[in-house]
Every structure is written in C-alpha cells, then in structure tokens.
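Structure first, commentary second.
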Amino acid sequence: MADPNLKQLISTFIYASGTGDIASHGGSVTAIAESLESITATLDSRTRHLLGESDTLWREIERLWHQLSDLQTVESTTPSACESETNNNADRPTAGAHAELCLSLARFTRNVVAGVPQNQEKAYEWEPSIRQLLHHYTAWVYAENEQGILVARVLSQALANIVTGNEILAAKLWNTYTNLSEKDVVILRLLASRDPRTLVATIVMVLNCIDGSLTRMKILTRTDIGVRMCILLLDDMVQFYDADEGSDGARVFDVGYEIFSRIIALDLIPGLFARLSMSGEIITPHQTTVLKLTDSYLQASSVGVSAGPNARQAVESHGRLRPMLAETFLLLSTYAQRSIRDSLESPSSTATPEQNAAASKSTFDPPSSLDVMLPKASEALVLVTQCIVTITLKSADADATEKAKIKLPQDFFNEARSGDTGIVESLIELLHLLDLFLPRINFGKPVRAEGAAALPEGVGDATGFTYLKRDLVRLLGILCHGDKAVQDRARVCGGVEVVMNLCVIDERNPYLREHAIFALHNLLEDNPENQRRVELAGGHSTNETQGDRLD
C-alpha cells in the first residue's frame with residue numbers, strides 16, 4: 001500500500017481493535033470507533049480499491065461485525081443480566097457506545113464497497129451479522145430513539161451498497177430474504193420505518209434486487225413475503241405522496257413508483273391486484289392505490305404513441321391487464337348498482353326504452369342510509385374506467401394492417417361479459433341510477449330530477465363520486481364509436497335517452513356535457529334507428545350531432 005498516511009490509520013485501527021475488548025471496556029469501544037471513522041474520512045475511489053488489498057483490515061472488520069451481532073443478541077435476550085454487570089463495572093460499555101461502534105462500522109462498510117465489486121463480495125460475507133443488527137435496531141424499543149434510528153438507517157445504506165450494481169449478490173440477497181420466515185425479513189421491518197432516509201435506502205435496495213429479472217419480479221408480486229413488501233411500499237408511497245419536491249419523502253415516492261412501473265410494464269399487476277383483495281371487501285385501499293399507479297403509468301406511457309411500431313406495441317401490450325380491468329369494472333359497477341338501488345329502494349331498470357323513460361320520471365324517497373363502501377367502490381370505478389379509456393385510445397393510431405392482426409382493446413372490452421351483461425349495458429344502467437342518486441350541481445346548487453324528493457343534508461355527498469358520470473359517458477362514447485352492433489346494444493337498454501339526459505352542466509363532473517354530446521354523436525353516427533329515437537324523444541336535429549368524432 002503506497003499511501004503512508006492511510007497505512008498509519010489502518011495500523012492504528014488494527015492495534016485498537018486487536019488489543020481492546022468491546023464487550024467489557026468502554027474505552028476500547030470508543031478508540032476503535034474513532035480510529036475507524038478516521039479511515040472512513042479518507043475514502044475515495046482510489047483508497048477504496050487500496051483498502052480492498054488489506055487482508056488484515058478486512059479480517060478485523062469481519063471480527064468486529066461478528067462480535068457486535070453476538071453482543072446485541074445477548075443483550076436482547078438477557079437484558080437484566082447486562083444491566084447487573086453494568087452496575088458492577090463502571091467502565092463496561094453502554095448500549096449507546098455499542099451503537100456508536102455499529103454506526104462507525106456501517107459507515108465504513110457503506111463507503112468502502114461503493115462501486116468496487118471485489119469489496120462488495122468480501123463485505124457480503126458479513127450480511128448475516130448486518131441482518132442481525134438490523135433486526136435489533138428496528139425493534140419497537142428503538143422506534144423513537146434517535147440513535148437507534150440513525151444506526152438502522154446507515155446499516156440499511158450499507159446493505160444497499162453491498163448489492164448495488166452487482167447482479168450476482170443482488171440475486172443471492174433476494175433469494176435469501178424471500179425464503180426466510182416473515183419475522184426474520186429485515187426488509188419488511190425497514191419498510192415500516194418512519195424515517196424517510198431509511199426508506200429510500202431500503203426501496204433502492206429492493207429496486208436493485210429486482211431490476212432486470214422477471215423471476216425476482218414474480219417473487220415480489222406472487223409470494224407471501226413479496227406481497228407483504230408491496231403492501232408496505234404502497235403505504236410508504238401514500239404517506240409521502242405530498243412530500244416537498246426534492247425531499248427524502250419525495251424520493252420514497254419516486255423510487256417506489258419506479259418499482260411499480262416495472263411491475264406494470266411486465267404485465268404483473270393483475271396477479272398482485274388479486275393478492276391484495278380481502279374476503280368481504282369489494283375493494284381494498286391497497287388495490288385502489290395500485291389502480292392509481294396503473295392509471296398514472298398508462299397516462300404517462302401513452303404520450304408520444306403514434307402510428308408505427310409504438311402504436312402496435314400499445315395494441316399488443318397489457319394482455320393480462322385488460323381482462324383484469326374488464327372483470328373489475330363489471331364487479332364494481334354491479335356492486336354500485338345494487339347499493340344505489342338499496343338506498344333508493346328502486347327496482348332494476350328494464351330493457352325496454354319506454355319503461356326506462358318511465359323509471360327516470362319516477363319519484364323516489366330520499367336515501368335513508370348509504371353503503372359506506374359505495375364511495376370507495378365509485379372511486380375505484382373511476383380509476384378502472386380511466387385505465388380502459390387510455391388503453392383503448394392508445395391503439396387508435398395503429399394502422400389498418402396492424403389492427404387486422406390482433407384484437408383491438410375496443411373489441412375486447414365490447415365483448416367482455418359477466419353472465420349476460422356486457423360493459424356497455426352495465427355502464428348505461430349505472431349512469432341511469434347515478435342520475436337519480438346524485439343531484440347535478442349547477443352553479444353551486446343541486447338540481448334534482450323532476451318529481452324527485454329533496455335529499456336530506458349530507459346524503460348524496462359527492463365524495464368518492466367525482467368524475468364518475470363524466471368518465472362513464474366518455475367510455476361509452478369510445479366503445480360505441482364506429483361499431484353499429486354496440487350502438488344498437490346501447491339503444492336497446494335505453495342508452496340514447498340516458499346520454500341525452502347527461503348533456504347538462506354538472507360541477508362535480510367537469511366537461512360532462514361535452515363528453516355526453518360526443519357520446520351521443522357516436523351513438524347516432526350512421527345509425528338511423530338511434531337517430532329516430534332522439535327525434536321521438538323530442539331532441540335536437542340529428543344534424544347538430546354530426547360533427548367531428550371525439551378521439
């Protein structure tokens with residue numbers, strides 16, 4: 001080793017470590033920690049490689065890791081004995097002194113392995129000791145202890161640096177942790193931390209472990225341990241969603257989003273979505289968060305898609321996502337319809353247009369109660385609807401040759417069924433019920449259907465229902481565009497009248513009127529039967545709706 005100053009610092013550390021007793025002499029612990037901090041302060045790209053050549057140094061570091069983890073195991077299992085010995089030996093190191101030494105070791109390890117594969121491989125041999133110490137410093141007794149939080153943070157950073165950029169070690173770490181019992185997986189404990197810097201290091205480690213590996217991504221989304229990690233990740237992202245730009249909290253969200261972007265890109269969301277369900281719950285908070293992330297990803301990935309290879313890729317992608325969205329839409333829509341009917345004590349609308357028209361004029365008693373899950377189901381339904389709209393529109397620019405080779409999303413969603421009910425029929429029925437259930441807000445005042453009783457204060461609140469009518473009618477317009485069979489299906493179940501009734505201003509559904517007009521245009525285009533239905537209902541001339549279609 002050519003650097004005499006560095007050589008002297010290493011000699012000082014080895015002497016302090018070799019002659020000291022960290023179990024019984026506090027002075028030794030302090031001397032070792034200080035000498036190790038001096039070495040850490042000199043580390044740069046050159047010295048990291050130089051230190052990798054010092055076998056004596058690495059042996060001492062390894063011995064200290066093992067000693068510390070053994071000591072913490074003893075202190076965790078027999079605290080009363082340790083306290084008794086402390087009282088009899090004034091020089092005996094305190095738990096705080098051991099924490100400082102652990103902090104110095106973690107800082108050294110974190111810095112010495114960065115970007116040096118040979119150092120990473122050597123340091124990985126200490127992983128069991130680091131894991132044991134992480135388990136100790138993430139215990140509930142350290143939840144509000146600043147020193148304990150700091151030690152856990154730096155230990156997590158050291159573990160992350162050991163595997164960063166090293167595919168072999170990342171795979172080895174991932175396989176080890178996902179095959180442990182849940183109580184021994186320190187990643188789970190770290191993801192439950194309240195410290196954003198600890199979370200950043202942990203989430204980066206998870207990202208590095210799964211990046212580029214379909215097998216490890218499947219483990220994350222399909223196994224009990226992996227799904228538990230996803231649940232904690234989703235909780236962390238919700239917690240820091242509104243964090244200030246550039247803060248550690250914002251990084252928690254950004255890196256977490258990177259992980260879920262990879263899950264969505266590999267079409268693994270449906271399996272995870274199913275694992276996040278709960279018996280007796282129509283939708284869970286974690287499923288809703290997954291839908292929000294999926295909607296955001298689809299919106300972002302649709303930017304720049306045009307005719308050509310990108311358009312074809314848009315058509316072919318999300319092969320498993322489309323069935324999940326169709327199934328979830330029908331499930332949520334059916335649930336919402338049943339819940340609204342229960343609130344209104346209304347029978348289901350029938351298939352004949354005349355009876356639908358009569359039903360729309362019926363007088364209903366005010367809802368006496370509201371299903372507490374209905375707003376949550378409606379919120380999720382908005383997200384599912386937006387995802388279907390984005391996927392369908394992304395394929396619109398594919399050329400005719402490409403479209404002829406595979407089934408378009410529009411065709412897929414039009415053919416999706418739950419029993420005898422398709423998305424179009426379910427969508428129209430829900431729109432009909434929503435118009436009875438939720439008064440429109442026109443210039444700040446609720447507008448009830450003619451003859452309907454006034455709602456009691458607080459009932460019919462739009463929380464959870466915002467944009468629902470708008471997005472449903474937009475989806476209807478897209479699904480029926482250029483497809484006479486779907487136009488006819490919509491007419492048979494009273495869809496023309498329902499859409500006509502939505503050509504109004506509603507402050508809870510911005511641009512509802514505009515989307516309803518375009519949907520009506522697509523329902524009437526080249527369909528004389530639907531046009532006659534508008535004329536019979538006393539609507540405007542069909543020529544007024546024959547403008548450009550909504551793409």
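In the structure tokens, each chain is lettered A, B, ... as it comes, each chain's residues begin at 1, and ligands are numbered from 1 in order of appearance.
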
Near segment 138-144 of chain A, within 8 Å and counting only C-alpha atoms, which residues show up once chain neighbours fewer than 5 positions away are dropped, as JSON, numbers by chain?
{"A": [149, 152, 189, 190, 193]}

Keeping N, CA, C and O atoms, export the residues of the selection given above as an mmCIF file, in the first residue's frame.
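Writing done, so here's selection.cif:
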```cif
data_model
loop_
_atom_site.group_PDB
_atom_site.id
_atom_site.type_symbol
_atom_site.label_atom_id
_atom_site.label_comp_id
_atom_site.auth_asym_id
_atom_site.auth_seq_id
_atom_site.Cartn_x
_atom_site.Cartn_y
_atom_site.Cartn_z
ATOM 1 N N ILE A 149 -32.493 4.910 15.362
ATOM 2 C CA ILE A 149 -32.982 5.197 14.007
ATOM 3 C C ILE A 149 -31.809 5.470 13.068
ATOM 4 O O ILE A 149 -31.775 5.000 11.926
ATOM 5 N N ALA A 152 -29.950 2.186 12.264
ATOM 6 C CA ALA A 152 -30.723 1.389 11.301
ATOM 7 C C ALA A 152 -30.626 1.985 9.911
ATOM 8 O O ALA A 152 -30.523 1.263 8.902
ATOM 9 N N ARG A 189 -39.205 -4.931 8.094
ATOM 10 C CA ARG A 189 -39.093 -4.024 9.235
ATOM 11 C C ARG A 189 -38.606 -2.648 8.789
ATOM 12 O O ARG A 189 -39.049 -1.607 9.309
ATOM 13 N N LEU A 190 -37.691 -2.620 7.833
ATOM 14 C CA LEU A 190 -37.179 -1.346 7.333
ATOM 15 C C LEU A 190 -38.246 -0.577 6.564
ATOM 16 O O LEU A 190 -38.332 0.657 6.644
ATOM 17 N N SER A 193 -40.404 1.576 8.617
ATOM 18 C CA SER A 193 -39.749 2.678 9.328
ATOM 19 C C SER A 193 -40.465 4.000 9.063
ATOM 20 O O SER A 193 -41.061 4.206 8.000
#
```

Just list as a PyMOL selection string whatever in segment 41-217 of chain A DSSP marks as alpha helix (DSSP H).
chain A and resi 41+45-51+55-77+79-88+95-112+117-124+127-137+146-163+167-177+186-191+196-210+214-217

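Of note, atom CA of Gly271 of chain A and atom CA of Asp184 of chain A are spaced 25.1 Å apart.
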
I need the residue nearest Val204 of chain A from this list: A:Val185, A:Val504, A:Leu232, A:Ile259. Use only C-alpha atoms for the distance.
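When distances to Val204 of chain A are compared using only C-alpha atoms, the smallest one comes from A:Ile259.
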